[in-house]
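Heads up, the thing below is written out as structure tokens.
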Amino acid sequence: MQSAKYIFLVLAIISLIAADTAWSEAKQSMNSEGIMDITDLNEDDRIDIEEYRHRITDVYFFLDADKDGKLTVVEIQRGIPNLDPDLIDNTDVNGDTIITIYEFRYVLYKDFDALDKNQDGSLDQQEMKNMVEER
């Protein structure tokens with residue numbers, strides 16, 4: 001499932017943003033528990049759509065190296081070096097080679113729905129664990 005790989009990479013970047021520590025410590029938090037801890041703002045052991053939106057917005061602006069409010073392929077590749085180029089193309093909904101916050105959120109919201117296997121409107125620990133294992 002390519003979208004799960006993309007989601008994992010995005011959430012891994014979230015871990016790096018929030019960690020603000022040495023790379024080795026941040027790398028350790030790139031498991032389902034670490035991602036949950038960083039993204040679950042209200043600490044209810046679930047990631048709801050608002051917490052998810054908050055984090056993907058953080059990731060978008062973290063990747064936006066020149067802070068112009070737009071992502072280019074180069075910025076994404078610098079932030080996520082091994083990302084499949086097809087995933088970037090799929091995120092660029094209108095094909096203009098610029099990824100807006102709206103395109104970024106649109107694609108990742110669809111992925112949220114796909115990851116929410118029990119369709120309860122949030123991602124629980126098991127759903128996060130499944131996502132990490134699929135990467």
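Each chain in the structure tokens gets a letter, A, B, ..., in the order shown, and its residues are numbered from 1; ligands are numbered from 1 in order too.
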
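Shell of stretch 63-80 of chain A at 7 Å, with only C-alpha atoms counted and residues fewer than 5 places along the chain excluded, is Thr97, Ile98, Ile99 and Thr100 of chain A.
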
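Proximity of A:Thr39, A:Met131, A:Asp44, A:Ile56 to A:Glu103, computed with only C-alpha atoms, is greatest for A:Ile56.
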
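DSSP secondary structure from the backbone places Arg46, Ile47, Asp48, Leu71, Thr72, Ile98, Ile99, Ser122, Leu123 and Asp124 of chain A of stretch 6-131 of chain A in strand (DSSP E).
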
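Across A:Gly95, A:Ile47, A:Glu33, A:Ile38, the tightest approach to A:Ser122 is made by A:Ile47 when counting only C-alpha atoms.
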